[in-house]
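Okay, structure first, notes after.
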Amino acid sequence: MSVQERKQRERADRERLIVATARELAEQQGWDAVTTRRLAERIEYSQPVLYSHFRGKREIIGAVALQGATEMAAAVRAATSGAHGPRERVTALARAYLDFAEDNPAVYDALFQLDGGLAYAQEDTPEPLKDAFAALLETLGEVAGNGVHPGLFTEVFWASLHGLATLTRTRRLLPEDAAQRVELLVDRLAVP
């Protein structure tokens with residue numbers, strides 16, 4: 001291995017460590033606790049080293065969001081791959097999405113609530129975000145209905161899931177009714 005390859009590998013390792021540490025700190029204490037100073041202390045590198053990878057917290061949030069988008073897409077695809085029939089696939093998708101939001105609140109915030117400097121629904125949208133949407137579209141596109149654009153239907157269904165995830169997390173909805181909400185959403189919106 002050349003010196004340059006070793007340095008590139010070390011740089012990539014440091015970047016993964018910064019993102020993992022930021023994510024861990026955000027999950028434990030919230031995004032307000034994530035500062036470059038605290039990250040530098042936790043990973044035992046100087047703040048200038050952090051700034052050589054990311055220009056600031058915004059870019060770190062963006063990196064966590066991209067990582068989360070990849071994980072969410074994988075979770076949705078795994079959940080729907082074993083399901084049979086449109087109803088079961090859409091139900092599995094909804095549950096996987098809501099479980100991901102509940103199990104990874106800081107990542108979910110990085111994806112959909114905070115400014116990570118990422119472009120959404122545009123030409124320059126990063127691939128992990130496009131793929132996360134594609135993971136939803138793969139299942140929801142098949143139940144969009146005649147004359148309904150599959151992408152538009154996916155956006156509406158996704159917005160509904162996001163609303164359920166957000167309102168449940170902020171305790172504006174009773175948690176014991178979560179399964180009934182998914183059933184109602186699937187029955188009324190996705191499966192004729």
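Order determines the names: the first chain of the structure tokens is A, the second B, and so forth; residues in each chain are numbered 1 upward, and ligands are numbered 1 upward as they are shown.
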Spatial neighbours of range 63-70 of chain A, 6 Å, only C-alpha atoms, chain gap at least 3 places, as an mmCIF file with N, CA, C and O atoms, in the first residue's frame:
```cif
data_model
loop_
_atom_site.group_PDB
_atom_site.id
_atom_site.type_symbol
_atom_site.label_atom_id
_atom_site.label_comp_id
_atom_site.auth_asym_id
_atom_site.auth_seq_id
_atom_site.Cartn_x
_atom_site.Cartn_y
_atom_site.Cartn_z
ATOM 1 N N ILE A 60 -21.845 17.987 9.055
ATOM 2 C CA ILE A 60 -21.871 16.752 9.845
ATOM 3 C C ILE A 60 -23.299 16.216 9.882
ATOM 4 O O ILE A 60 -23.521 15.016 9.705
ATOM 5 N N ALA A 73 -33.451 3.102 3.601
ATOM 6 C CA ALA A 73 -33.762 2.400 2.354
ATOM 7 C C ALA A 73 -33.581 0.897 2.533
ATOM 8 O O ALA A 73 -34.427 0.101 2.093
ATOM 9 N N VAL A 107 -31.102 10.592 13.855
ATOM 10 C CA VAL A 107 -30.871 10.381 12.425
ATOM 11 C C VAL A 107 -32.090 10.863 11.638
ATOM 12 O O VAL A 107 -31.959 11.521 10.607
ATOM 13 N N ALA A 110 -31.957 14.487 11.428
ATOM 14 C CA ALA A 110 -30.952 14.912 10.454
ATOM 15 C C ALA A 110 -31.500 14.790 9.035
ATOM 16 O O ALA A 110 -31.258 15.645 8.188
ATOM 17 N N LEU A 111 -32.263 13.740 8.798
ATOM 18 C CA LEU A 111 -32.845 13.517 7.470
ATOM 19 C C LEU A 111 -33.931 14.524 7.125
ATOM 20 O O LEU A 111 -33.968 15.052 6.017
ATOM 21 N N PRO A 128 -27.925 8.793 -1.982
ATOM 22 C CA PRO A 128 -28.602 8.101 -0.878
ATOM 23 C C PRO A 128 -30.027 8.615 -0.633
ATOM 24 O O PRO A 128 -30.916 7.829 -0.285
ATOM 25 N N LEU A 129 -30.262 9.911 -0.815
ATOM 26 C CA LEU A 129 -31.607 10.454 -0.643
ATOM 27 C C LEU A 129 -32.516 9.988 -1.775
ATOM 28 O O LEU A 129 -33.680 9.630 -1.541
ATOM 29 N N ALA A 132 -33.419 6.384 -1.064
ATOM 30 C CA ALA A 132 -34.410 6.229 0.006
ATOM 31 C C ALA A 132 -35.814 6.470 -0.544
ATOM 32 O O ALA A 132 -36.752 5.731 -0.235
#
```
*Excluding Gly141 in chain A and any residue of its chain fewer than 4 positions from it, enumerate the residues within 10 Å of it, using only C-alpha atoms, and give them as a ChimeraX atom specification.*
/A:134,136-137,145,148-154,190
How would the residues just chosen look if you wrote them out with N, CA and C atoms as a JSON list (two decimals), in the first residue's frame?
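Heads up, here's the output in out06.json:
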```json
[["chain", "number", "residue", "atom", "x", "y", "z"],
["A", 134, "ALA", "N", -36.63, 6.08, -3.70],
["A", 134, "ALA", "CA", -36.86, 4.96, -4.60],
["A", 134, "ALA", "C", -37.33, 3.72, -3.84],
["A", 136, "LEU", "N", -39.20, 3.67, -1.26],
["A", 136, "LEU", "CA", -40.63, 3.87, -1.01],
["A", 136, "LEU", "C", -41.42, 3.69, -2.30],
["A", 137, "LEU", "N", -40.93, 4.28, -3.37],
["A", 137, "LEU", "CA", -41.61, 4.24, -4.67],
["A", 137, "LEU", "C", -41.76, 2.82, -5.20],
["A", 145, "GLY", "N", -52.71, 3.66, -8.16],
["A", 145, "GLY", "CA", -54.04, 3.74, -8.76],
["A", 145, "GLY", "C", -53.97, 4.30, -10.18],
["A", 148, "VAL", "N", -52.96, 8.14, -11.43],
["A", 148, "VAL", "CA", -52.23, 8.83, -10.37],
["A", 148, "VAL", "C", -50.74, 8.62, -10.60],
["A", 149, "HIS", "N", -50.00, 9.70, -10.65],
["A", 149, "HIS", "CA", -48.55, 9.60, -10.85],
["A", 149, "HIS", "C", -47.93, 8.90, -9.64],
["A", 150, "PRO", "N", -47.19, 7.80, -9.86],
["A", 150, "PRO", "CA", -46.62, 7.05, -8.75],
["A", 150, "PRO", "C", -45.72, 7.88, -7.82],
["A", 151, "GLY", "N", -44.94, 8.81, -8.39],
["A", 151, "GLY", "CA", -44.09, 9.65, -7.56],
["A", 151, "GLY", "C", -44.89, 10.57, -6.67],
["A", 152, "LEU", "N", -45.94, 11.13, -7.21],
["A", 152, "LEU", "CA", -46.80, 12.02, -6.43],
["A", 152, "LEU", "C", -47.51, 11.25, -5.32],
["A", 153, "PHE", "N", -48.00, 10.07, -5.66],
["A", 153, "PHE", "CA", -48.65, 9.23, -4.64],
["A", 153, "PHE", "C", -47.66, 8.89, -3.53],
["A", 154, "THR", "N", -46.43, 8.55, -3.91],
["A", 154, "THR", "CA", -45.40, 8.21, -2.92],
["A", 154, "THR", "C", -45.13, 9.40, -2.01],
["A", 190, "ALA", "N", -53.75, 3.53, 0.40],
["A", 190, "ALA", "CA", -52.87, 2.76, -0.48],
["A", 190, "ALA", "C", -53.51, 1.57, -1.17]]
```
*Gly30 in chain A: which residues within 12 Å, counting only C-alpha atoms, same-chain residues fewer than 6 positions away excluded, as a ChimeraX atom specification?*
/A:22-24,61,104-110,114
_If we count only C-alpha atoms and set the cut-off at 8 Å, which residues sit around range 166-182 of chain A, ignoring sequence neighbours fewer than 6 positions away in its own chain? Please answer as a list in words._
Thr91, Ala94, Arg95 and Glu102 of chain A
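Taking CA of Leu161 in chain A as the reference point, CA of Ala26 in chain A is found at 22.6 Å.
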Taking only range 32-147 of chain A into account, list the residues labelled alpha helix (DSSP H) by DSSP (computed from the backbone), as a compact mmCIF listing (two decimals) with C-alpha atoms, in the first residue's frame.
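Result file follows (result-v8.txt):
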```txt
# COMPACT_ATOMS: atom_id res chain seq x y z
CA THR A 36 -17.16 20.68 17.10
CA ARG A 37 -15.49 21.19 20.46
CA ARG A 38 -17.30 18.24 22.06
CA LEU A 39 -16.71 16.06 19.00
CA ALA A 40 -13.00 16.91 19.01
CA GLU A 41 -12.80 15.97 22.71
CA ARG A 42 -14.63 12.68 22.18
CA ILE A 43 -12.63 11.51 19.19
CA GLN A 47 -10.93 20.99 16.09
CA PRO A 48 -8.82 21.87 13.02
CA VAL A 49 -8.75 18.15 12.15
CA LEU A 50 -12.56 18.12 12.28
CA TYR A 51 -12.70 21.20 10.09
CA SER A 52 -10.42 19.52 7.57
CA HIS A 53 -13.24 16.99 7.05
CA LYS A 57 -22.03 21.09 12.21
CA ARG A 58 -24.30 21.56 9.19
CA GLU A 59 -22.10 19.30 7.04
CA ILE A 60 -21.87 16.75 9.84
CA ILE A 61 -25.67 16.68 10.04
CA GLY A 62 -25.72 16.18 6.27
CA ALA A 63 -23.31 13.25 6.54
CA VAL A 64 -25.46 11.64 9.23
CA ALA A 65 -28.53 12.20 7.05
CA LEU A 66 -26.92 10.47 4.07
CA GLN A 67 -25.91 7.54 6.23
CA GLY A 68 -29.43 7.39 7.65
CA ALA A 69 -31.01 7.50 4.20
CA THR A 70 -28.99 4.46 3.20
CA GLU A 71 -30.04 2.62 6.36
CA MET A 72 -33.70 3.58 5.97
CA ALA A 73 -33.76 2.40 2.35
CA ALA A 74 -32.25 -0.93 3.41
CA ALA A 75 -34.78 -1.30 6.26
CA VAL A 76 -37.73 -0.60 3.96
CA ARG A 77 -36.48 -2.98 1.27
CA ALA A 78 -35.80 -5.72 3.81
CA ALA A 79 -39.27 -5.35 5.29
CA THR A 80 -41.07 -5.40 1.95
CA SER A 81 -39.00 -8.14 0.33
CA PRO A 86 -49.62 -5.17 -2.26
CA ARG A 87 -51.40 -4.77 1.09
CA GLU A 88 -48.82 -6.72 3.02
CA ARG A 89 -45.93 -4.88 1.28
CA VAL A 90 -47.40 -1.44 1.97
CA THR A 91 -48.09 -2.37 5.59
CA ALA A 92 -44.52 -3.67 5.97
CA LEU A 93 -43.17 -0.47 4.40
CA ALA A 94 -45.19 1.73 6.77
CA ARG A 95 -44.12 -0.22 9.83
CA ALA A 96 -40.46 -0.26 8.79
CA TYR A 97 -40.50 3.50 8.17
CA LEU A 98 -42.17 4.28 11.51
CA ASP A 99 -39.88 1.86 13.37
CA PHE A 100 -36.83 3.50 11.79
CA ALA A 101 -38.05 6.94 12.88
CA GLU A 102 -38.70 5.71 16.41
CA ASP A 103 -35.45 3.78 16.77
CA PRO A 105 -34.68 9.88 16.33
CA ALA A 106 -31.49 11.92 15.84
CA VAL A 107 -30.87 10.38 12.43
CA TYR A 108 -34.50 10.98 11.48
CA ASP A 109 -34.12 14.61 12.54
CA ALA A 110 -30.95 14.91 10.45
CA LEU A 111 -32.84 13.52 7.47
CA PHE A 112 -36.07 15.48 7.71
CA GLU A 127 -27.83 9.47 -4.38
CA PRO A 128 -28.60 8.10 -0.88
CA LEU A 129 -31.61 10.45 -0.64
CA LYS A 130 -32.79 9.48 -4.13
CA ASP A 131 -32.41 5.83 -3.21
CA ALA A 132 -34.41 6.23 0.01
CA PHE A 133 -37.26 7.73 -2.02
CA ALA A 134 -36.86 4.96 -4.60
CA ALA A 135 -37.22 2.37 -1.83
CA LEU A 136 -40.63 3.87 -1.01
CA LEU A 137 -41.61 4.24 -4.67
CA GLU A 138 -40.82 0.59 -5.45
CA THR A 139 -43.71 -0.54 -3.24
CA LEU A 140 -46.02 2.46 -3.31
```
